[in-house]
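Listing of protein_1.txt, compact mmCIF, C-alpha atoms (C1' of nucleotides) and all ligand atoms
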# COMPACT_ATOMS: atom_id res chain seq x y z
CA MET W 1 75.22 181.09 116.58
CA LYS W 2 77.59 178.78 114.78
CA SER W 3 76.70 176.59 111.86
CA GLU W 4 76.99 172.84 112.07
CA THR W 5 79.79 172.87 109.49
CA SER W 6 81.88 175.40 111.31
CA LYS W 7 81.58 173.38 114.49
CA ARG W 8 82.65 170.29 112.61
CA ILE W 9 85.65 172.18 111.24
CA GLU W 10 86.56 173.36 114.71
CA ARG W 11 86.44 169.81 116.01
CA LEU W 12 88.47 168.48 113.12
CA LEU W 13 91.28 170.97 113.65
CA ARG W 14 91.26 170.30 117.38
CA SER W 15 91.39 166.57 116.87
CA VAL W 16 94.62 166.76 114.92
CA GLY W 17 96.20 169.41 117.11
CA LEU W 18 96.23 172.25 114.59
CA ARG W 19 95.55 175.82 115.71
CA ARG W 20 92.30 177.36 114.62
CA THR W 21 93.04 180.12 112.11
CA GLY W 22 91.06 181.91 109.44
CA PRO W 23 92.78 180.37 106.44
CA ARG W 24 92.57 176.85 107.84
CA GLU W 25 88.88 177.05 108.57
CA ALA W 26 88.14 178.63 105.23
CA ILE W 27 90.13 176.08 103.25
CA LEU W 28 88.62 173.11 105.09
CA GLY W 29 85.21 174.57 104.40
CA VAL W 30 85.92 174.87 100.70
CA LEU W 31 87.11 171.26 100.51
CA MET W 32 84.05 170.03 102.37
CA ARG W 33 81.66 171.86 100.13
CA ALA W 34 83.50 170.84 96.95
CA GLY W 35 83.43 167.09 97.58
CA LYS W 36 85.99 166.57 94.83
CA PRO W 37 89.67 167.26 94.31
CA LEU W 38 90.66 170.89 93.80
CA THR W 39 93.89 172.62 92.90
CA GLN W 40 95.38 175.44 94.93
CA GLU W 41 94.13 177.84 92.30
CA GLU W 42 90.58 176.48 92.42
CA ILE W 43 90.61 176.67 96.18
CA ALA W 44 91.79 180.26 96.06
CA ALA W 45 89.01 181.12 93.64
CA LYS W 46 86.39 179.62 95.94
CA LEU W 47 87.65 181.44 98.99
CA GLY W 48 86.09 184.63 97.72
CA ALA W 49 86.86 187.57 99.96
CA ALA W 50 89.96 187.42 102.11
CA ILE W 51 91.97 185.04 100.00
CA PRO W 52 95.09 184.14 101.88
CA ASN W 53 98.46 184.21 100.18
CA LYS W 54 99.02 181.21 97.95
CA VAL W 55 101.99 180.16 100.05
CA THR W 56 99.62 179.95 103.00
CA ILE W 57 97.22 177.83 101.01
CA TYR W 58 99.99 175.41 100.07
CA ARG W 59 101.30 175.25 103.62
CA THR W 60 97.83 174.75 105.00
CA LEU W 61 97.15 171.92 102.60
CA GLU W 62 100.49 170.38 103.44
CA SER W 63 99.69 170.46 107.16
CA PHE W 64 96.30 168.88 106.45
CA CYS W 65 98.03 166.13 104.48
CA LYS W 66 100.45 165.48 107.33
CA ALA W 67 97.46 165.22 109.65
CA SER W 68 95.74 162.84 107.21
CA LEU W 69 92.77 165.15 106.88
CA VAL W 70 93.48 165.70 103.21
CA HIS W 71 95.00 163.67 100.40
CA LYS W 72 96.85 164.71 97.33
CA ALA W 73 94.44 162.80 95.14
CA PHE W 74 96.38 163.07 91.89
CA MET W 75 98.30 165.40 89.70
CA GLN W 76 96.89 166.71 86.50
CA LYS W 77 98.47 169.23 84.16
CA ARG W 78 101.30 169.39 86.63
CA ALA W 79 99.01 170.57 89.43
CA TRP W 80 98.11 168.66 92.55
CA HIS W 81 94.44 168.07 93.27
CA PHE W 82 93.60 168.03 96.97
CA GLU W 83 90.54 166.55 98.61
CA LEU W 84 89.29 165.55 102.01
CA ALA W 85 90.49 162.10 102.97
CA ASP W 86 87.19 161.09 104.53
CA ARG W 87 86.11 158.89 101.64
CA CYS W 88 89.32 156.89 101.45
CA THR W 89 90.37 153.98 103.60
CA GLU W 90 93.72 153.54 105.24
CA SER W 91 95.14 151.51 102.39
CA GLN W 92 93.21 152.76 99.47
CA CYS W 93 92.03 156.00 97.96
CA HIS W 94 88.83 155.94 95.97
CA PRO W 95 89.50 155.95 92.23
CA HIS W 96 89.16 159.04 90.06
CA PHE W 97 87.91 159.43 86.56
CA THR W 98 88.96 162.21 84.21
CA CYS W 99 87.23 162.97 80.94
CA LYS W 100 89.78 163.34 78.15
CA LYS W 101 87.59 165.75 76.28
CA CYS W 102 86.08 168.14 78.80
CA GLY W 103 88.41 167.47 81.72
CA VAL W 104 85.65 166.88 84.25
CA ILE W 105 86.75 164.90 87.29
CA SER W 106 84.58 162.37 89.11
CA CYS W 107 85.21 160.64 92.40
CA LEU W 108 84.28 157.00 92.15
CA VAL W 109 83.15 156.38 95.66
CA GLY W 110 81.37 153.33 96.95
CA LEU W 111 82.39 150.92 94.30
CA PRO W 112 84.32 147.77 95.01
CA VAL W 113 88.00 148.13 94.22
CA SER W 114 90.19 145.14 94.77
CA ILE W 115 93.69 145.73 95.96
CA ILE W 116 96.15 144.29 93.52
CA LYS W 117 97.34 140.77 94.25
CA GLY W 118 100.49 138.93 93.37
CA VAL W 119 103.05 141.63 94.02
CA LYS W 120 106.49 140.07 94.51
CA LYS W 121 107.34 138.91 98.01
CA GLY W 122 108.97 141.44 100.25
CA PHE W 123 107.10 144.51 99.04
CA VAL W 124 104.82 146.19 101.57
CA ILE W 125 101.96 148.07 99.99
CA HIS W 126 100.73 151.09 101.90
CA ARG W 127 98.40 152.67 99.44
CA GLN W 128 96.86 151.98 96.06
CA ARG W 129 95.67 154.66 93.72
CA VAL W 130 93.57 154.05 90.63
CA GLN W 131 93.09 156.58 87.86
CA LEU W 132 90.71 156.18 84.97
CA GLU W 133 90.49 158.21 81.84
CA GLY W 134 87.95 158.17 79.09
CA LEU W 135 84.80 160.02 78.14
CA CYS W 136 82.11 161.26 80.46
CA PRO W 137 78.43 160.81 79.54
CA ARG W 138 78.14 164.36 78.28
CA CYS W 139 81.12 163.91 75.96
CA VAL W 140 80.40 160.40 74.67
CA GLY W 141 77.90 161.64 72.17
CA LYS W 142 79.86 164.59 70.82
CA LYS W 143 81.96 164.11 67.74
CA GLY W 144 85.22 165.68 66.58
CA ARG W 145 88.51 166.01 68.38
CA MET C 1 127.15 145.39 60.85
CA LYS C 2 124.12 146.54 62.76
CA SER C 3 123.04 145.27 66.13
CA GLU C 4 119.73 143.53 66.61
CA THR C 5 118.51 146.40 68.76
CA SER C 6 119.31 149.08 66.26
CA LYS C 7 117.47 147.13 63.58
CA ARG C 8 114.49 146.83 65.88
CA ILE C 9 114.60 150.58 66.49
CA GLU C 10 114.74 151.25 62.77
CA ARG C 11 111.72 149.04 62.20
CA LEU C 12 109.78 150.65 65.02
CA LEU C 13 110.30 154.15 63.70
CA ARG C 14 109.38 153.05 60.19
CA SER C 15 106.24 151.35 61.35
CA VAL C 16 104.84 154.53 62.82
CA GLY C 17 106.03 156.76 60.02
CA LEU C 18 108.62 158.74 61.94
CA ARG C 19 111.87 159.79 60.30
CA ARG C 20 115.02 158.11 61.46
CA THR C 21 117.15 160.66 63.30
CA GLY C 22 119.97 160.49 65.80
CA PRO C 23 118.01 161.74 68.80
CA ARG C 24 115.08 159.43 68.11
CA GLU C 25 117.18 156.32 67.78
CA ALA C 26 119.21 157.18 70.82
CA ILE C 27 116.18 157.92 73.00
CA LEU C 28 114.34 154.77 71.93
CA GLY C 29 117.49 152.81 72.72
CA VAL C 30 117.70 154.30 76.18
CA LEU C 31 114.07 153.47 76.90
CA MET C 32 114.50 149.91 75.67
CA ARG C 33 117.56 149.30 77.78
CA ALA C 34 116.02 150.91 80.85
CA GLY C 35 112.88 148.81 80.92
CA LYS C 36 111.32 151.20 83.40
CA PRO C 37 109.94 154.72 83.38
CA LEU C 38 112.48 157.55 83.09
CA THR C 39 112.26 161.32 83.26
CA GLN C 40 113.67 163.52 80.52
CA GLU C 41 116.56 164.31 82.83
CA GLU C 42 117.34 160.65 83.39
CA ILE C 43 117.10 160.02 79.68
CA ALA C 44 119.48 162.89 78.99
CA ALA C 45 121.94 161.50 81.52
CA LYS C 46 121.88 158.08 79.86
CA LEU C 47 122.41 159.50 76.40
CA GLY C 48 126.06 160.08 77.21
CA ALA C 49 127.89 161.82 74.40
CA ALA C 50 125.87 163.88 71.95
CA ILE C 51 123.00 164.75 74.24
CA PRO C 52 120.37 166.51 72.20
CA ASN C 53 118.77 169.68 73.44
CA LYS C 54 116.19 169.01 76.14
CA VAL C 55 113.50 170.54 73.95
CA THR C 56 114.31 167.89 71.38
CA ILE C 57 114.03 165.18 74.00
CA TYR C 58 110.60 166.42 75.06
CA ARG C 59 109.43 166.73 71.48
CA THR C 60 110.74 163.31 70.63
CA LEU C 61 108.98 161.76 73.59
CA GLU C 62 105.81 163.58 72.66
CA SER C 63 105.95 162.21 69.12
CA PHE C 64 106.52 158.70 70.50
CA CYS C 65 103.48 159.12 72.74
CA LYS C 66 101.36 160.25 69.80
CA ALA C 67 102.52 157.17 67.93
CA SER C 68 101.69 154.98 70.95
CA LEU C 69 105.27 153.76 71.17
CA VAL C 70 105.69 155.35 74.57
CA HIS C 71 103.44 156.10 77.53
CA LYS C 72 103.62 158.78 80.12
CA ALA C 73 103.55 156.21 82.88
CA PHE C 74 103.06 158.60 85.78
CA MET C 75 104.16 161.84 87.26
CA GLN C 76 106.36 161.95 90.31
CA LYS C 77 107.84 165.04 91.93
CA ARG C 78 106.18 167.00 89.16
CA ALA C 79 108.13 165.15 86.48
CA TRP C 80 106.70 162.80 83.89
CA HIS C 81 108.15 159.31 83.71
CA PHE C 82 108.18 157.88 80.19
CA GLU C 83 108.45 154.24 79.22
CA LEU C 84 107.95 152.02 76.24
CA ALA C 85 104.33 151.04 75.82
CA ASP C 86 105.13 147.46 74.84
CA ARG C 87 104.15 145.99 78.20
CA CYS C 88 100.74 147.68 78.38
CA THR C 89 97.52 146.63 76.72
CA GLU C 90 95.17 148.87 74.84
CA SER C 91 93.02 149.63 77.84
CA GLN C 92 95.40 149.22 80.69
CA CYS C 93 98.92 150.15 81.65
CA HIS C 94 100.80 147.83 83.95
CA PRO C 95 100.83 149.12 87.53
CA HIS C 96 103.81 150.83 89.10
CA PHE C 97 105.17 150.64 92.58
CA THR C 98 107.17 153.39 94.25
CA CYS C 99 109.06 152.94 97.49
CA LYS C 100 108.30 155.77 99.88
CA LYS C 101 111.70 155.53 101.48
CA CYS C 102 114.24 155.04 98.72
CA GLY C 103 112.12 156.12 95.76
CA VAL C 104 112.84 153.04 93.68
CA ILE C 105 110.28 152.37 90.96
CA SER C 106 109.17 148.90 89.89
CA CYS C 107 107.04 147.93 86.94
CA LEU C 108 104.52 145.31 87.97
CA VAL C 109 104.24 143.38 84.76
CA GLY C 110 102.51 140.08 84.26
CA LEU C 111 100.19 140.20 87.17
CA PRO C 112 96.46 140.05 86.88
CA VAL C 113 94.87 143.47 87.21
CA SER C 114 91.15 143.67 86.97
CA ILE C 115 89.62 146.68 85.35
CA ILE C 116 87.34 148.45 87.74
CA LYS C 117 83.66 147.50 87.57
CA GLY C 118 80.54 149.35 88.44
CA VAL C 119 81.36 152.77 87.05
CA LYS C 120 78.16 154.73 86.50
CA LYS C 121 76.38 154.21 83.22
CA GLY C 122 77.39 156.46 80.38
CA PHE C 123 81.07 156.70 81.18
CA VAL C 124 83.44 155.18 78.63
CA ILE C 125 86.73 154.04 80.12
CA HIS C 126 89.71 154.20 77.80
CA ARG C 127 92.56 153.50 80.16
CA GLN C 128 93.13 152.51 83.74
CA ARG C 129 96.28 153.33 85.66
CA VAL C 130 97.22 151.85 89.00
CA GLN C 131 99.86 153.27 91.30
CA LEU C 132 101.10 151.60 94.44
CA GLU C 133 103.25 153.05 97.13
CA GLY C 134 104.87 151.42 100.12
CA LEU C 135 108.19 149.91 101.00
CA CYS C 136 110.46 147.88 98.79
CA PRO C 137 112.13 144.73 100.16
CA ARG C 138 115.40 146.56 100.75
CA CYS C 139 113.68 149.25 102.86
CA VAL C 140 111.23 147.08 104.80
CA GLY C 141 113.88 146.08 107.28
CA LYS C 142 115.41 149.48 107.85
CA LYS C 143 114.17 151.59 110.70
CA GLY C 144 113.86 155.34 111.14
CA ARG C 145 112.46 157.88 108.78
C1' DC V 1 122.34 166.98 43.43
C1' DG V 2 118.73 169.94 44.83
C1' DC V 3 114.23 170.49 46.86
C1' DT V 4 110.90 170.49 50.58
C1' DA V 5 108.86 169.10 54.69
C1' DA V 6 110.22 167.78 59.07
C1' DA V 7 113.36 167.96 62.94
C1' DT V 8 116.56 170.40 65.85
C1' DG V 9 118.74 174.06 68.78
C1' DC V 10 118.63 178.19 71.23
C1' DA V 11 116.75 181.76 74.12
C1' DA V 12 113.09 183.34 76.34
C1' DC V 13 108.98 182.18 78.70
C1' DT V 14 105.30 179.83 81.71
C1' DA V 15 103.10 177.48 85.51
C1' DA V 16 103.14 175.37 89.90
C1' DG V 17 105.19 175.07 93.81
C1' DT V 18 109.08 176.24 97.41
C1' DT V 19 112.29 178.91 100.52
C1' DG V 20 113.94 182.45 103.76
C1' DC V 21 112.79 185.80 106.64
C1' DA V 22 110.34 189.38 109.00
C1' DA V 23 105.68 190.67 110.80
C1' DA V 24 101.32 189.12 112.85
C1' DA V 25 98.41 186.18 115.52
C1' DA V 26 97.44 182.03 118.59
C1' DA V 27 98.09 179.87 122.74
C1' DA V 28 100.50 179.49 127.12
C1' DT V 29 102.33 181.87 131.33
C1' DT V 30 102.53 185.12 134.61
C1' DA D 1 94.90 191.50 131.36
C1' DA D 2 99.58 191.80 130.06
C1' DT D 3 103.57 189.42 128.72
C1' DT D 4 106.01 185.80 126.72
C1' DT D 5 106.48 181.94 123.66
C1' DT D 6 105.36 179.43 119.70
C1' DT D 7 103.14 179.01 115.48
C1' DT D 8 101.32 180.93 111.41
C1' DT D 9 101.16 184.17 107.71
C1' DG D 10 102.67 187.30 103.88
C1' DC D 11 105.92 188.89 100.70
C1' DA D 12 109.60 188.62 97.40
C1' DA D 13 112.66 185.93 95.30
C1' DC D 14 113.68 181.48 93.60
C1' DT D 15 113.34 176.68 91.54
C1' DT D 16 111.98 173.09 88.53
C1' DA D 17 109.86 170.93 84.61
C1' DG D 18 108.16 171.78 80.66
C1' DT D 19 106.69 174.94 76.46
C1' DT D 20 106.87 178.40 72.61
C1' DG D 21 108.64 181.01 68.64
C1' DC D 22 111.77 181.23 65.31
C1' DA D 23 115.93 180.57 62.69
C1' DT D 24 118.96 176.76 61.14
C1' DT D 25 119.85 172.06 59.84
C1' DT D 26 118.75 167.55 58.11
C1' DA D 27 116.13 163.32 56.27
C1' DG D 28 113.96 161.53 52.60
C1' DC D 29 112.79 161.81 47.92
C1' DG D 30 112.77 162.57 42.90
ZN ZN W 201 83.49 165.06 79.53
ZN ZN W 202 87.93 161.92 95.15
ZN ZN W 203 101.42 152.11 79.66
ZN ZN W 204 106.39 150.34 83.79

Please express the file's structure as structure tokens.
Amino acid sequence: MKSETSKRIERLLRSVGLRRTGPREAILGVLMRAGKPLTQEEIAAKLGAAIPNKVTIYRTLESFCKASLVHKAFMQKRAWHFELADRCTESQCHPHFTCKKCGVISCLVGLPVSIIKGVKKGFVIHRQRVQLEGLCPRCVGKKGR
Amino acid sequence: MKSETSKRIERLLRSVGLRRTGPREAILGVLMRAGKPLTQEEIAAKLGAAIPNKVTIYRTLESFCKASLVHKAFMQKRAWHFELADRCTESQCHPHFTCKKCGVISCLVGLPVSIIKGVKKGFVIHRQRVQLEGLCPRCVGKKGR
DNA sequence: CGCTAAATGCAACTAAGTTGCAAAAAAATT
DNA sequence: AATTTTTTTGCAACTTAGTTGCATTTAGCG
């Protein structure tokens, strides 16, 4: 019998008209369980057995982005971080925090983020992204570089 | 007799304790004249005659960043865009807009941007970056992809 | 001028992602 | 169920942006 998650994955793929395949189900599953942005490499690592080719991972993520299931949340160290789009609204992604010292990434969901006002007339804003950097609680105390 | 700009460049380099060299003066000049974020390739193109080696450009930009003269404003198409830091405050860079259709980049200076509130206790925010994407006035009218 | 630390140039390298194409697997048809 | 069609996958080769190591040159200083 199928797990609740795998049924949800099935439905999701159906709903956007993408064929059900091993790699797609596995990658969606990883992103659901992670609940935070992951790079291709991190996704591959979490796929455990039967890792698809990295090209397949990239193409899968790209198709998810086209279908608005996934967002490229941000780039860090020249690598895209992908996450499920289910905690973003149409016009705004939730903000992300990165710790300068330990590199930990946090999704800042559920806090009020005002869309910027006063942009010159004529511009149409589709999406706003906010990135924060600083120190996470674990690193605030530590001293040194 | 020296131009006002070149005297300003001289002073800037002095003030942060960096030696005056051809590449440094030229690159600072390019960034001043541009008034918007540029990639190393764009900088090289604007340097005209006597383009320094690209490694030198990267190292120069890196030293400017360390000295807080320049910011890595954002990454686009896997390439950093560098700009003078003189229109950012300590804790916040001015937001940037990118047109999805034509790719034009605009600095949104002088508009009120509120730093995000409600981040969980313990986090220390050093810098906030806001990115907007949408359509610029010139592209709003156009139809098609 | 001559010294020394810092800056530059060059070639080789790295990391992340992309492209072209043939083989495999879904879905649609018969 | 077998066949056909369409989509997806894997592999190897490639691209792009940036980095590293090291030898050479140059700025700043006495
Ligand atoms: Zn941390
Ligand atoms: Zn997130
Ligand atoms: Zn800035
Ligand atoms: Zn700017």

Go through chain C and flag each residue having an atom no more than 12 Å from ligand ZN 204 (chain W); for those, report the closest pair of atoms plus their distance in Å to one decimal, using all atoms listed in the file, ordered by chain and rising number, as JSON lines.
{"residue": "C:Leu31", "atom": "CA", "partner": "W:ZN204", "partner_atom": "ZN", "distance": 10.8}
{"residue": "C:Met32", "atom": "CA", "partner": "W:ZN204", "partner_atom": "ZN", "distance": 11.5}
{"residue": "C:Ala34", "atom": "CA", "partner": "W:ZN204", "partner_atom": "ZN", "distance": 10.1}
{"residue": "C:Gly35", "atom": "CA", "partner": "W:ZN204", "partner_atom": "ZN", "distance": 7.3}
{"residue": "C:Lys36", "atom": "CA", "partner": "W:ZN204", "partner_atom": "ZN", "distance": 5.0}
{"residue": "C:Pro37", "atom": "CA", "partner": "W:ZN204", "partner_atom": "ZN", "distance": 5.7}
{"residue": "C:Leu38", "atom": "CA", "partner": "W:ZN204", "partner_atom": "ZN", "distance": 9.5}
{"residue": "C:Val70", "atom": "CA", "partner": "W:ZN204", "partner_atom": "ZN", "distance": 10.5}
{"residue": "C:His71", "atom": "CA", "partner": "W:ZN204", "partner_atom": "ZN", "distance": 9.0}
{"residue": "C:Lys72", "atom": "CA", "partner": "W:ZN204", "partner_atom": "ZN", "distance": 9.6}
{"residue": "C:Ala73", "atom": "CA", "partner": "W:ZN204", "partner_atom": "ZN", "distance": 6.6}
{"residue": "C:Phe74", "atom": "CA", "partner": "W:ZN204", "partner_atom": "ZN", "distance": 9.1}
{"residue": "C:His81", "atom": "CA", "partner": "W:ZN204", "partner_atom": "ZN", "distance": 9.1}
{"residue": "C:Phe82", "atom": "CA", "partner": "W:ZN204", "partner_atom": "ZN", "distance": 8.5}
{"residue": "C:Glu83", "atom": "CA", "partner": "W:ZN204", "partner_atom": "ZN", "distance": 6.4}
{"residue": "C:Leu84", "atom": "CA", "partner": "W:ZN204", "partner_atom": "ZN", "distance": 7.9}
{"residue": "C:Ala85", "atom": "CA", "partner": "W:ZN204", "partner_atom": "ZN", "distance": 8.3}
{"residue": "C:Asp86", "atom": "CA", "partner": "W:ZN204", "partner_atom": "ZN", "distance": 9.5}
{"residue": "C:Arg87", "atom": "CA", "partner": "W:ZN204", "partner_atom": "ZN", "distance": 7.4}
{"residue": "C:Cys88", "atom": "CA", "partner": "W:ZN204", "partner_atom": "ZN", "distance": 8.3}
{"residue": "C:Thr89", "atom": "CA", "partner": "W:ZN204", "partner_atom": "ZN", "distance": 11.9}
{"residue": "C:Gln92", "atom": "CA", "partner": "W:ZN204", "partner_atom": "ZN", "distance": 11.5}
{"residue": "C:Cys93", "atom": "CA", "partner": "W:ZN204", "partner_atom": "ZN", "distance": 7.8}
{"residue": "C:His94", "atom": "CA", "partner": "W:ZN204", "partner_atom": "ZN", "distance": 6.1}
{"residue": "C:Pro95", "atom": "CA", "partner": "W:ZN204", "partner_atom": "ZN", "distance": 6.8}
{"residue": "C:His96", "atom": "CA", "partner": "W:ZN204", "partner_atom": "ZN", "distance": 5.9}
{"residue": "C:Phe97", "atom": "CA", "partner": "W:ZN204", "partner_atom": "ZN", "distance": 8.9}
{"residue": "C:Thr98", "atom": "CA", "partner": "W:ZN204", "partner_atom": "ZN", "distance": 10.9}
{"residue": "C:Ile105", "atom": "CA", "partner": "W:ZN204", "partner_atom": "ZN", "distance": 8.4}
{"residue": "C:Ser106", "atom": "CA", "partner": "W:ZN204", "partner_atom": "ZN", "distance": 6.9}
{"residue": "C:Cys107", "atom": "CA", "partner": "W:ZN204", "partner_atom": "ZN", "distance": 4.0}
{"residue": "C:Leu108", "atom": "CA", "partner": "W:ZN204", "partner_atom": "ZN", "distance": 6.8}
{"residue": "C:Val109", "atom": "CA", "partner": "W:ZN204", "partner_atom": "ZN", "distance": 7.3}
{"residue": "C:Gly110", "atom": "CA", "partner": "W:ZN204", "partner_atom": "ZN", "distance": 11.0}
{"residue": "C:Arg129", "atom": "CA", "partner": "W:ZN204", "partner_atom": "ZN", "distance": 10.7}
{"residue": "C:Val130", "atom": "CA", "partner": "W:ZN204", "partner_atom": "ZN", "distance": 10.7}
{"residue": "C:Gln131", "atom": "CA", "partner": "W:ZN204", "partner_atom": "ZN", "distance": 10.4}
{"residue": "C:Leu132", "atom": "CA", "partner": "W:ZN204", "partner_atom": "ZN", "distance": 12.0}

For chain V, list the residues within 12 Å of chain C, counting all atoms listed in the file, and write the list as a PyMOL selection string.
chain V and resi 5-11+15-17

Set the cut-off to 7 Å, count all atoms listed in the file, and list whatever residues fall near ligand ZN 201 (chain W) as a ChimeraX atom specification.
/W:99-104,135-139

Interface, chain D side, toward chain C (10 Å; only C-alpha atoms (C1' of nucleotides)) as a PyMOL selection string
chain D and resi 16-19+26-28

Report, in Å with one decimal, the straight-line distance from atom C1' of DC22 of chain D to atom CA of Val16 of chain C.
27.7 Å

Ranking C:Glu10, C:Glu62, C:Glu90, C:Glu133 by minimum distance to chain W and counting only C-alpha atoms, which one comes first?
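When distances to chain W are compared using only C-alpha atoms, the smallest one comes from C:Glu133.
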
Considering all atoms listed in the file, can you say which of C:Gly122, C:Cys65, C:Ile115, C:Gly22 comes closest to ligand ZN 203 (chain W)?
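Among C:Gly122, C:Cys65, C:Ile115, C:Gly22, it is C:Cys65 that comes nearest to ligand ZN 203 (chain W).
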
Calculated over all atoms listed in the file, which of the candidates C:Ser68, C:Glu25, C:Leu61, C:Ile125 has the smallest distance to ligand ZN 203 (chain W)?
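Comparing C:Ser68, C:Glu25, C:Leu61, C:Ile125 against ligand ZN 203 (chain W), the winner is C:Ser68.
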
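Residue neighbourhood of DT3 of chain D, excluding near-sequence residues (fewer than 3 positions): DA28, DT29 and DT30 of chain V, at 12 Å, using all atoms listed in the file.
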
Residues of the last selection are to be written out with C-alpha atoms (C1' of nucleotides), as a PDB file, in the coordinates of the input.
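What landed in part_13.pdb:
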ATOM      1  C1'  DA V  28     100.500 179.490 127.120  1.00  0.00           C
ATOM      2  C1'  DT V  29     102.330 181.870 131.330  1.00  0.00           C
ATOM      3  C1'  DT V  30     102.530 185.120 134.610  1.00  0.00           C
TER       4       DT V  30
END

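The point (110.8, 183.8, 102.3) has these residues within 8 Å of it when only C-alpha atoms (C1' of nucleotides) are used: DT19, DG20 and DC21 of chain V; DC11, DA12 and DA13 of chain D.
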
Would you kindly identify which residues have an atom no farther than 10 Å from (86.7, 146.0, 93.6), using only C-alpha atoms (C1' of nucleotides) and the file's own coordinates, and write them out as a ChimeraX atom specification?
/W:110-116 /C:114-118

In Å, with one decimal, what is the gap from atom CA of Ile9 of chain W to atom CA of Arg33 of chain W?
11.8 Å

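The interatomic distance for the pair atom CA of Ala50 of chain W and atom C1' of DA26 of chain V works out to 18.9 Å.
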
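You can rank W:Arg24, W:Arg14, W:Lys121, W:Lys7 by their closest distance to chain C using all atoms listed in the file, and at the top of that list sits W:Lys121.
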
Of the listed residues W:Gly48, W:Gly141, W:Gly29, W:Gly134, that which approaches chain C most closely, counting only C-alpha atoms
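For chain C, the nearest of the given residues is W:Gly134.
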